[in-house]
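Structure data follow from input04.csv (CSV, C-alpha atoms):
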```
chain,number,residue,atom,x,y,z
A,184,GLN,CA,11.9,5.1,-8.4
A,185,SER,CA,11.1,8.2,-6.3
A,186,ALA,CA,8.0,8.7,-4.2
A,187,LEU,CA,5.1,10.6,-5.8
A,188,THR,CA,4.8,14.1,-4.5
A,189,GLN,CA,1.8,15.1,-2.4
A,190,PRO,CA,1.2,18.3,-0.4
A,191,PRO,CA,1.9,17.6,3.3
A,192,SER,CA,-1.5,19.0,4.4
A,193,ALA,CA,-4.9,20.1,3.1
A,194,SER,CA,-8.0,21.3,5.0
A,195,GLY,CA,-11.6,22.3,4.6
A,196,SER,CA,-14.7,23.0,6.6
A,197,PRO,CA,-17.5,20.5,6.9
A,198,GLY,CA,-19.5,20.5,3.7
A,199,GLN,CA,-16.8,22.0,1.7
A,200,SER,CA,-14.5,20.3,-0.8
A,201,VAL,CA,-10.8,19.5,-0.6
A,202,THR,CA,-8.5,18.4,-3.4
A,203,VAL,CA,-5.2,16.6,-3.0
A,204,SER,CA,-2.7,16.4,-5.8
A,205,CYS,CA,-0.2,13.6,-6.6
A,206,THR,CA,2.6,14.4,-9.0
A,207,GLY,CA,4.7,11.7,-10.6
A,208,THR,CA,6.6,11.4,-13.8
A,209,SER,CA,6.0,10.1,-17.4
A,210,SER,CA,7.2,6.7,-16.2
A,211,ASP,CA,4.5,6.2,-13.6
A,212,VAL,CA,1.4,8.5,-13.2
A,213,GLY,CA,1.8,9.9,-16.7
A,214,ASP,CA,2.2,6.5,-18.4
A,215,TYR,CA,-0.5,4.4,-16.8
A,216,ASN,CA,-4.1,4.8,-15.7
A,217,TYR,CA,-3.4,2.7,-12.6
A,218,VAL,CA,-3.5,5.4,-10.0
A,219,SER,CA,-5.1,4.5,-6.6
A,220,TRP,CA,-5.9,6.5,-3.5
A,221,TYR,CA,-5.8,5.2,0.1
A,222,GLN,CA,-7.3,6.6,3.3
A,223,GLN,CA,-5.5,5.9,6.5
A,224,HIS,CA,-6.8,6.7,10.0
A,225,PRO,CA,-4.3,6.8,12.9
A,226,GLY,CA,-3.2,3.3,13.9
A,227,LYS,CA,-5.2,1.7,11.1
A,228,ALA,CA,-4.3,0.0,7.8
A,229,PRO,CA,-4.8,1.9,4.6
A,230,LYS,CA,-8.2,1.6,2.9
A,231,LEU,CA,-8.7,1.7,-0.9
A,232,MET,CA,-10.8,4.6,-1.9
A,233,ILE,CA,-10.1,5.1,-5.6
A,234,TYR,CA,-8.5,2.8,-8.3
A,235,GLU,CA,-7.8,3.2,-12.0
A,236,VAL,CA,-7.7,7.0,-11.5
A,237,SER,CA,-11.4,7.5,-10.9
A,238,LYS,CA,-13.2,4.3,-10.0
A,239,ARG,CA,-14.7,3.7,-6.6
A,240,PRO,CA,-14.8,0.3,-4.8
A,241,SER,CA,-18.1,-0.8,-3.5
A,242,GLY,CA,-19.0,0.9,-0.3
A,243,VAL,CA,-16.9,4.1,-0.9
A,244,PRO,CA,-19.1,7.2,-0.8
A,245,ASP,CA,-19.5,9.1,-4.1
A,246,ARG,CA,-18.2,12.1,-2.3
A,247,PHE,CA,-14.7,10.7,-3.2
A,248,SER,CA,-13.6,11.3,-6.8
A,249,GLY,CA,-10.4,11.0,-8.7
A,250,SER,CA,-8.9,12.4,-11.9
A,251,LYS,CA,-5.6,12.7,-13.8
A,252,SER,CA,-4.0,15.2,-16.1
A,253,GLY,CA,-0.5,14.4,-17.5
A,254,ASN,CA,1.8,13.4,-14.7
A,255,THR,CA,-0.5,14.7,-11.9
A,256,ALA,CA,-3.5,12.8,-10.3
A,257,SER,CA,-6.0,14.4,-8.0
A,258,LEU,CA,-8.4,13.2,-5.3
A,259,THR,CA,-11.3,15.4,-4.4
A,260,VAL,CA,-13.5,14.9,-1.3
A,261,SER,CA,-16.7,16.8,-1.6
A,262,GLY,CA,-19.1,17.5,1.2
A,263,LEU,CA,-16.4,17.0,3.8
A,264,GLN,CA,-17.4,15.2,6.9
A,265,ALA,CA,-15.6,14.8,10.2
A,266,GLU,CA,-14.8,11.1,9.5
A,267,ASP,CA,-12.9,12.2,6.3
A,268,GLU,CA,-10.1,13.5,8.5
A,269,ALA,CA,-7.2,11.2,7.8
A,270,ASP,CA,-4.0,10.7,5.9
A,271,TYR,CA,-4.4,10.1,2.2
A,272,TYR,CA,-1.8,8.3,-0.1
A,273,CYS,CA,-1.7,7.9,-3.8
A,274,SER,CA,0.0,5.1,-5.6
A,275,SER,CA,0.8,4.4,-9.2
A,276,TYR,CA,1.9,1.5,-11.2
A,277,ALA,CA,5.4,2.2,-12.5
A,278,GLY,CA,5.9,-0.6,-15.0
A,279,SER,CA,7.5,-4.1,-14.7
A,280,ALA,CA,5.1,-5.0,-11.8
A,281,ASN,CA,6.6,-2.1,-9.8
A,282,TYR,CA,4.6,0.3,-7.7
A,283,VAL,CA,5.3,3.6,-6.0
A,284,PHE,CA,3.4,5.5,-3.3
A,285,GLY,CA,3.0,9.2,-2.6
A,286,THR,CA,4.4,11.1,0.3
A,287,GLY,CA,1.0,11.4,1.9
A,288,THR,CA,-1.3,14.3,2.8
A,289,LYS,CA,-3.0,14.9,6.1
A,290,VAL,CA,-6.5,16.1,5.5
A,291,THR,CA,-8.0,18.2,8.4
A,292,VAL,CA,-11.6,19.0,8.7
A,293,LEU,CA,-11.8,22.4,10.4
B,31,GLN,CA,-14.7,-12.1,3.2
B,32,VAL,CA,-11.0,-11.9,2.4
B,33,GLN,CA,-8.8,-11.4,5.4
B,34,LEU,CA,-5.0,-11.1,5.8
B,35,ARG,CA,-3.1,-11.2,9.0
B,36,GLU,CA,0.6,-10.6,9.5
B,37,SER,CA,2.7,-12.3,12.2
B,38,GLY,CA,6.3,-12.5,13.3
B,39,PRO,CA,8.8,-11.2,15.8
B,40,GLY,CA,8.3,-7.6,16.9
B,41,LEU,CA,12.0,-7.1,17.7
B,42,VAL,CA,15.0,-7.9,15.4
B,43,ARG,CA,18.7,-7.3,16.1
B,44,PRO,CA,20.7,-5.2,13.7
B,45,SER,CA,22.4,-7.2,10.9
B,46,GLU,CA,20.0,-10.1,11.4
B,47,THR,CA,17.0,-11.2,9.2
B,48,LEU,CA,13.5,-10.0,9.6
B,49,SER,CA,10.9,-12.7,8.8
B,50,LEU,CA,7.1,-12.1,8.6
B,51,THR,CA,4.2,-14.3,7.5
B,52,CYS,CA,0.9,-13.2,6.1
B,53,ALA,CA,-2.0,-15.7,6.6
B,54,VAL,CA,-4.8,-15.4,4.1
B,55,SER,CA,-8.4,-16.5,4.6
B,56,GLY,CA,-11.4,-16.2,2.4
B,57,TYR,CA,-9.4,-16.7,-0.8
B,58,SER,CA,-7.0,-19.3,-2.1
B,59,ILE,CA,-3.7,-17.6,-3.0
B,60,SER,CA,-3.0,-20.3,-5.6
B,61,SER,CA,-6.1,-19.3,-7.5
B,62,GLY,CA,-4.5,-16.0,-8.7
B,63,TYR,CA,-3.6,-12.4,-8.2
B,64,TYR,CA,-0.4,-10.8,-6.8
B,65,TRP,CA,0.4,-10.8,-3.1
B,66,GLY,CA,2.5,-8.0,-1.7
B,67,TRP,CA,4.3,-6.3,1.2
B,68,ILE,CA,4.3,-2.6,2.1
B,69,ARG,CA,5.9,-0.9,5.0
B,70,GLN,CA,5.5,2.4,6.9
B,71,PRO,CA,8.2,3.7,9.2
B,72,PRO,CA,6.8,5.4,12.3
B,73,GLY,CA,5.4,8.8,11.4
B,74,LYS,CA,6.3,8.4,7.7
B,75,GLY,CA,4.7,7.4,4.5
B,76,LEU,CA,4.1,4.1,2.8
B,77,GLU,CA,6.8,2.2,0.9
B,78,TRP,CA,6.2,-0.6,-1.6
B,79,ILE,CA,8.5,-3.6,-0.8
B,80,GLY,CA,7.5,-6.1,-3.4
B,81,ASN,CA,4.9,-8.5,-4.9
B,82,MET,CA,4.7,-12.1,-5.8
B,83,TYR,CA,2.4,-13.5,-8.4
B,84,HIS,CA,0.5,-16.7,-7.5
B,85,SER,CA,2.6,-18.6,-10.1
B,86,GLY,CA,5.8,-17.7,-8.3
B,87,SER,CA,7.2,-14.6,-10.1
B,88,THR,CA,8.6,-12.0,-7.8
B,89,TYR,CA,9.0,-8.2,-8.2
B,90,TYR,CA,10.9,-6.0,-5.7
B,91,ASN,CA,11.5,-2.4,-5.0
B,92,PRO,CA,14.8,-1.7,-6.6
B,93,SER,CA,16.0,0.1,-3.5
B,94,LEU,CA,15.4,-3.1,-1.4
B,95,LYS,CA,15.9,-5.8,-4.0
B,96,SER,CA,19.3,-7.1,-2.8
B,97,ARG,CA,18.0,-7.8,0.7
B,98,VAL,CA,14.3,-8.9,0.2
B,99,THR,CA,12.7,-12.3,-0.6
B,100,ILE,CA,9.0,-13.0,-0.9
B,101,SER,CA,7.7,-16.5,-1.0
B,102,LEU,CA,4.4,-18.4,-1.1
B,103,ASP,CA,3.3,-21.4,0.8
B,104,THR,CA,0.1,-22.5,-0.9
B,105,SER,CA,-0.3,-25.5,1.4
B,106,LYS,CA,-0.8,-23.1,4.3
B,107,ASN,CA,-2.4,-20.4,2.2
B,108,GLN,CA,0.2,-17.8,3.3
B,109,PHE,CA,3.1,-15.8,2.0
B,110,SER,CA,6.2,-14.6,3.6
B,111,LEU,CA,8.7,-11.7,3.7
B,112,ARG,CA,12.4,-11.9,4.5
B,113,VAL,CA,14.6,-8.8,4.8
B,114,ASN,CA,18.3,-9.5,5.3
B,115,SER,CA,21.0,-7.4,7.1
B,116,VAL,CA,18.5,-5.1,8.8
B,117,THR,CA,19.3,-1.8,10.3
B,118,ALA,CA,17.3,0.8,12.3
B,119,ALA,CA,16.1,2.2,9.0
B,120,ASP,CA,14.0,-1.0,8.6
B,121,THR,CA,12.0,-0.3,11.7
B,122,ALA,CA,8.4,0.1,10.5
B,123,VAL,CA,4.9,-1.3,10.5
B,124,TYR,CA,4.8,-4.0,7.8
B,125,TYR,CA,1.6,-4.6,5.9
B,126,CYS,CA,0.7,-7.5,3.6
B,127,ALA,CA,-1.9,-6.9,0.9
B,128,ARG,CA,-3.7,-8.4,-2.1
B,129,LEU,CA,-3.3,-7.0,-5.6
B,130,PRO,CA,-6.0,-8.3,-7.9
B,131,GLY,CA,-4.9,-6.2,-10.8
B,132,SER,CA,-5.7,-2.7,-12.0
B,133,GLY,CA,-2.8,-1.4,-9.8
B,134,LYS,CA,-4.8,-1.6,-6.6
B,135,PHE,CA,-4.1,-3.0,-3.2
B,136,ASP,CA,-7.7,-4.0,-2.2
B,137,TYR,CA,-7.3,-6.0,1.0
B,138,TRP,CA,-4.8,-5.2,3.7
B,139,GLY,CA,-3.6,-6.9,6.9
B,140,GLN,CA,-3.8,-4.9,10.1
B,141,GLY,CA,-0.1,-4.4,10.1
B,142,THR,CA,2.7,-5.5,12.5
B,143,LEU,CA,5.4,-3.3,14.0
B,144,VAL,CA,8.9,-4.5,13.7
B,145,THR,CA,11.6,-2.7,15.6
B,146,VAL,CA,15.3,-3.2,14.8
B,147,SER,CA,17.3,-2.6,17.9
B,148,SER,CA,20.0,-4.3,19.9
```
Have the structure of the file written as structure tokens, please.
Amino acid sequence: QSALTQPPSASGSPGQSVTVSCTGTSSDVGDYNYVSWYQQHPGKAPKLMIYEVSKRPSGVPDRFSGSKSGNTASLTVSGLQAEDEADYYCSSYAGSANYVFGTGTKVTVL
Amino acid sequence: QVQLRESGPGLVRPSETLSLTCAVSGYSISSGYYWGWIRQPPGKGLEWIGNMYHSGSTYYNPSLKSRVTISLDTSKNQFSLRVNSVTAADTAVYYCARLPGSGKFDYWGQGTLVTVSS
């Protein structure tokens, strides 16, 4: 199974929105609604931000939203804040209890 | 509050076996869910290593399957990872995590760096 494809970087000014894409195949992203997104600050463990494509765990601001179309999932961060600057990874269920992560995107708040 | 904490040697010699343990508190691993390992080479992305269901079934990344073993110790409420025949490419921060379903890793350990070097 190959890693899901994400753009290496994305950026936006405070208050603006940024969208990160995550492209897989018909065997993972396209076949299951089990796409999750994780935020990782330097030296820290990843934190779950979105699961099942668009659901937010308790405590995650509603500025974070997710969607999916075909083999591509997306994470949108609205109203960018300085603390949103981090690496973001998508992951998808790939069948037979297998999982695959994305290549990661560094989000910069300008 | 569920907490996970990895432990194990920070340095492993090439061709030897990497062994890590993840201690879980705040939840009994025998009660349910999957328990998994993920790694991240320095400066690189996340890689799923494998999961184990509380009943004992295991699932591994096909690229690592021949060298990896995950096991549970319910008496100590912990689970373990073994990677055989390690090389420098296995140098990474290793994370343990809980998978309650819905394809999400909801609780993570803080991670432990394992360096493969002679």
Quiz item: If we count all atoms listed in the file, what is near range 216-220 of chain A at a cut-off of 9 Å, once residues fewer than 2 positions away on the same chain are taken out, given as a ChimeraX atom specification?
Solution: /A:211-214,222,230-238,249,251,256,258,271-277 /B:132-135
- Task: Quote the spacing between CA of Val32 in chain B and CA of His224 in chain A in Å to one decimal place.
- Result: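 Taking CA of Val32 in chain B as the start and CA of His224 in chain A as the end point, the length is 20.5 Å.
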Q) Which distance in Å separates CA of Thr142 in chain B and CA of Val116 in chain B, to one decimal? A)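 CA of Thr142 in chain B sits 16.2 Å away from CA of Val116 in chain B.
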Checklist entry - Quick one: which residues from chain B are at most 8 Å off chain A, using all atoms listed in the file, as a ChimeraX atom specification? => result /B:75-78,80-81,89-92,125,132-141
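Interatomic distance, CA of Thr99 in chain B to CA of Pro225 in chain A: 28.9 Å.
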When distances are computed from all atoms listed in the file, which of A:Arg239, A:Gly278, A:Thr255, A:Asp245 shows the smallest separation from Gln189 in chain A?
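Among the listed residues, A:Thr255 lies closest to Gln189 in chain A.
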task = Excluding Tyr64 in chain B and residues on its chain fewer than 3 positions from it, collect all residues at most 8 Å away from it, counting only C-alpha atoms, and give them as a VMD selection string.
result = chain B and resid 81 to 84 128 to 131
Convert the current residue selection to file output with C-alpha atoms, as a PDB file, in the coordinates of the input.
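Printed below is selection-v5.pdb as written:
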```
ATOM      1  CA  ASN B  81       4.900  -8.500  -4.900  1.00  0.00           C
ATOM      2  CA  MET B  82       4.700 -12.100  -5.800  1.00  0.00           C
ATOM      3  CA  TYR B  83       2.400 -13.500  -8.400  1.00  0.00           C
ATOM      4  CA  HIS B  84       0.500 -16.700  -7.500  1.00  0.00           C
ATOM      5  CA  ARG B 128      -3.700  -8.400  -2.100  1.00  0.00           C
ATOM      6  CA  LEU B 129      -3.300  -7.000  -5.600  1.00  0.00           C
ATOM      7  CA  PRO B 130      -6.000  -8.300  -7.900  1.00  0.00           C
ATOM      8  CA  GLY B 131      -4.900  -6.200 -10.800  1.00  0.00           C
TER       9      GLY B 131
END
```
Using all atoms listed in the file, which protein or nucleic acid residues come within 10 Å of Pro71 in chain B? Drop anything in the same chain fewer than 4 positions from it, and give the result as a PDB file with C-alpha atoms, in the frame of the given file.
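Output contents, as saved in around.pdb:
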```
ATOM      1  CA  GLY B  75       4.700   7.400   4.500  1.00  0.00           C
ATOM      2  CA  LEU B  76       4.100   4.100   2.800  1.00  0.00           C
ATOM      3  CA  GLU B  77       6.800   2.200   0.900  1.00  0.00           C
ATOM      4  CA  ALA B 119      16.100   2.200   9.000  1.00  0.00           C
ATOM      5  CA  ASP B 120      14.000  -1.000   8.600  1.00  0.00           C
ATOM      6  CA  THR B 121      12.000  -0.300  11.700  1.00  0.00           C
ATOM      7  CA  ALA B 122       8.400   0.100  10.500  1.00  0.00           C
ATOM      8  CA  VAL B 123       4.900  -1.300  10.500  1.00  0.00           C
ATOM      9  CA  TYR B 124       4.800  -4.000   7.800  1.00  0.00           C
ATOM     10  CA  LEU B 143       5.400  -3.300  14.000  1.00  0.00           C
ATOM     11  CA  VAL B 144       8.900  -4.500  13.700  1.00  0.00           C
ATOM     12  CA  THR B 145      11.600  -2.700  15.600  1.00  0.00           C
TER      13      THR B 145
END
```
Would you list the residues near (-17.4, 10.4, -2.3) (no more than 9 Å away, in the coordinates of the file, using all atoms listed in the file) as a PyMOL selection string?
chain A and resi 232+239+243-248+259-262
Across A:Ser241, A:Ser192, A:Gln223, A:Gln264, the smallest distance to Ser204 in chain A, with all atoms listed in the file counted, is shown by A:Ser192
- [ ] Write out as a ChimeraX atom specification each polymer residue whose atoms come within 8 Å of Leu50 in chain B, counting only C-alpha atoms; drop sequence neighbours fewer than 3 positions from it.
- [x] /B:36-39,110-112
Selection as an mmCIF file with C-alpha atoms, keeping the file's coordinate frame: residues within 9 Å of (-6.4, 19.7, 7.4), counting all atoms listed in the file:
```
data_model
loop_
_atom_site.group_PDB
_atom_site.id
_atom_site.type_symbol
_atom_site.label_atom_id
_atom_site.label_comp_id
_atom_site.auth_asym_id
_atom_site.auth_seq_id
_atom_site.Cartn_x
_atom_site.Cartn_y
_atom_site.Cartn_z
ATOM 1 C CA SER A 192 -1.500 19.000 4.400
ATOM 2 C CA ALA A 193 -4.900 20.100 3.100
ATOM 3 C CA SER A 194 -8.000 21.300 5.000
ATOM 4 C CA GLY A 195 -11.600 22.300 4.600
ATOM 5 C CA SER A 196 -14.700 23.000 6.600
ATOM 6 C CA GLU A 268 -10.100 13.500 8.500
ATOM 7 C CA ALA A 269 -7.200 11.200 7.800
ATOM 8 C CA THR A 288 -1.300 14.300 2.800
ATOM 9 C CA LYS A 289 -3.000 14.900 6.100
ATOM 10 C CA VAL A 290 -6.500 16.100 5.500
ATOM 11 C CA THR A 291 -8.000 18.200 8.400
ATOM 12 C CA VAL A 292 -11.600 19.000 8.700
ATOM 13 C CA LEU A 293 -11.800 22.400 10.400
#
```
What would range 240-268 of chain A look like with N, CA and C atoms in place, written as an mmCIF file, keeping the file's coordinate frame?
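Produced file result29.cif, reproduced below:
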```cif
data_model
loop_
_atom_site.group_PDB
_atom_site.id
_atom_site.type_symbol
_atom_site.label_atom_id
_atom_site.label_comp_id
_atom_site.auth_asym_id
_atom_site.auth_seq_id
_atom_site.Cartn_x
_atom_site.Cartn_y
_atom_site.Cartn_z
ATOM 1 N N PRO A 240 -14.367 1.657 -5.281
ATOM 2 C CA PRO A 240 -14.800 0.300 -4.800
ATOM 3 C C PRO A 240 -16.178 0.381 -4.216
ATOM 4 N N SER A 241 -16.837 -0.755 -4.179
ATOM 5 C CA SER A 241 -18.100 -0.800 -3.500
ATOM 6 C C SER A 241 -18.033 -0.364 -2.085
ATOM 7 N N GLY A 242 -18.978 0.486 -1.681
ATOM 8 C CA GLY A 242 -19.000 0.900 -0.300
ATOM 9 C C GLY A 242 -18.338 2.285 -0.067
ATOM 10 N N VAL A 243 -17.560 2.770 -1.022
ATOM 11 C CA VAL A 243 -16.900 4.100 -0.900
ATOM 12 C C VAL A 243 -17.904 5.164 -1.337
ATOM 13 N N PRO A 244 -18.153 6.165 -0.490
ATOM 14 C CA PRO A 244 -19.100 7.200 -0.800
ATOM 15 C C PRO A 244 -18.754 7.930 -2.130
ATOM 16 N N ASP A 245 -19.770 8.379 -2.874
ATOM 17 C CA ASP A 245 -19.500 9.100 -4.100
ATOM 18 C C ASP A 245 -18.987 10.510 -3.889
ATOM 19 N N ARG A 246 -18.805 10.868 -2.618
ATOM 20 C CA ARG A 246 -18.200 12.100 -2.300
ATOM 21 C C ARG A 246 -16.680 12.115 -2.675
ATOM 22 N N PHE A 247 -16.148 10.909 -2.845
ATOM 23 C CA PHE A 247 -14.700 10.700 -3.200
ATOM 24 C C PHE A 247 -14.649 10.556 -4.727
ATOM 25 N N SER A 248 -13.808 11.363 -5.346
ATOM 26 C CA SER A 248 -13.600 11.300 -6.800
ATOM 27 C C SER A 248 -12.175 11.466 -7.150
ATOM 28 N N GLY A 249 -11.773 10.901 -8.289
ATOM 29 C CA GLY A 249 -10.400 11.000 -8.700
ATOM 30 C C GLY A 249 -10.309 11.433 -10.181
ATOM 31 N N SER A 250 -9.171 12.027 -10.530
ATOM 32 C CA SER A 250 -8.900 12.400 -11.900
ATOM 33 C C SER A 250 -7.429 12.455 -12.164
ATOM 34 N N LYS A 251 -7.058 12.658 -13.431
ATOM 35 C CA LYS A 251 -5.600 12.700 -13.800
ATOM 36 C C LYS A 251 -5.459 13.603 -15.002
ATOM 37 N N SER A 252 -4.376 14.364 -14.977
ATOM 38 C CA SER A 252 -4.000 15.200 -16.100
ATOM 39 C C SER A 252 -2.466 15.121 -16.222
ATOM 40 N N GLY A 253 -1.988 14.539 -17.291
ATOM 41 C CA GLY A 253 -0.500 14.400 -17.500
ATOM 42 C C GLY A 253 0.086 13.597 -16.364
ATOM 43 N N ASN A 254 1.085 14.158 -15.706
ATOM 44 C CA ASN A 254 1.800 13.400 -14.700
ATOM 45 C C ASN A 254 1.218 13.677 -13.259
ATOM 46 N N THR A 255 0.068 14.351 -13.179
ATOM 47 C CA THR A 255 -0.500 14.700 -11.900
ATOM 48 C C THR A 255 -1.942 14.083 -11.760
ATOM 49 N N ALA A 256 -2.143 13.353 -10.678
ATOM 50 C CA ALA A 256 -3.500 12.800 -10.300
ATOM 51 C C ALA A 256 -4.012 13.624 -9.171
ATOM 52 N N SER A 257 -5.324 13.598 -9.031
ATOM 53 C CA SER A 257 -6.000 14.400 -8.000
ATOM 54 C C SER A 257 -7.089 13.563 -7.319
ATOM 55 N N LEU A 258 -7.244 13.756 -6.033
ATOM 56 C CA LEU A 258 -8.400 13.200 -5.300
ATOM 57 C C LEU A 258 -9.163 14.362 -4.723
ATOM 58 N N THR A 259 -10.467 14.336 -4.955
ATOM 59 C CA THR A 259 -11.300 15.400 -4.400
ATOM 60 C C THR A 259 -12.341 14.740 -3.469
ATOM 61 N N VAL A 260 -12.465 15.335 -2.309
ATOM 62 C CA VAL A 260 -13.500 14.900 -1.300
ATOM 63 C C VAL A 260 -14.477 16.061 -1.237
ATOM 64 N N SER A 261 -15.683 15.791 -1.661
ATOM 65 C CA SER A 261 -16.700 16.800 -1.600
ATOM 66 C C SER A 261 -17.611 16.598 -0.382
ATOM 67 N N GLY A 262 -18.253 17.674 0.070
ATOM 68 C CA GLY A 262 -19.100 17.500 1.200
ATOM 69 C C GLY A 262 -18.381 16.953 2.416
ATOM 70 N N LEU A 263 -17.243 17.557 2.748
ATOM 71 C CA LEU A 263 -16.400 17.000 3.800
ATOM 72 C C LEU A 263 -17.152 16.707 5.086
ATOM 73 N N GLN A 264 -16.800 15.568 5.644
ATOM 74 C CA GLN A 264 -17.400 15.200 6.900
ATOM 75 C C GLN A 264 -16.252 14.896 7.914
ATOM 76 N N ALA A 265 -16.583 14.920 9.169
ATOM 77 C CA ALA A 265 -15.600 14.800 10.200
ATOM 78 C C ALA A 265 -14.776 13.471 10.043
ATOM 79 N N GLU A 266 -15.449 12.413 9.613
ATOM 80 C CA GLU A 266 -14.800 11.100 9.500
ATOM 81 C C GLU A 266 -13.814 11.073 8.296
ATOM 82 N N ASP A 267 -13.812 12.101 7.460
ATOM 83 C CA ASP A 267 -12.900 12.200 6.300
ATOM 84 C C ASP A 267 -11.495 12.614 6.768
ATOM 85 N N GLU A 268 -11.396 13.107 8.003
ATOM 86 C CA GLU A 268 -10.100 13.500 8.500
ATOM 87 C C GLU A 268 -9.184 12.332 8.657
#
```
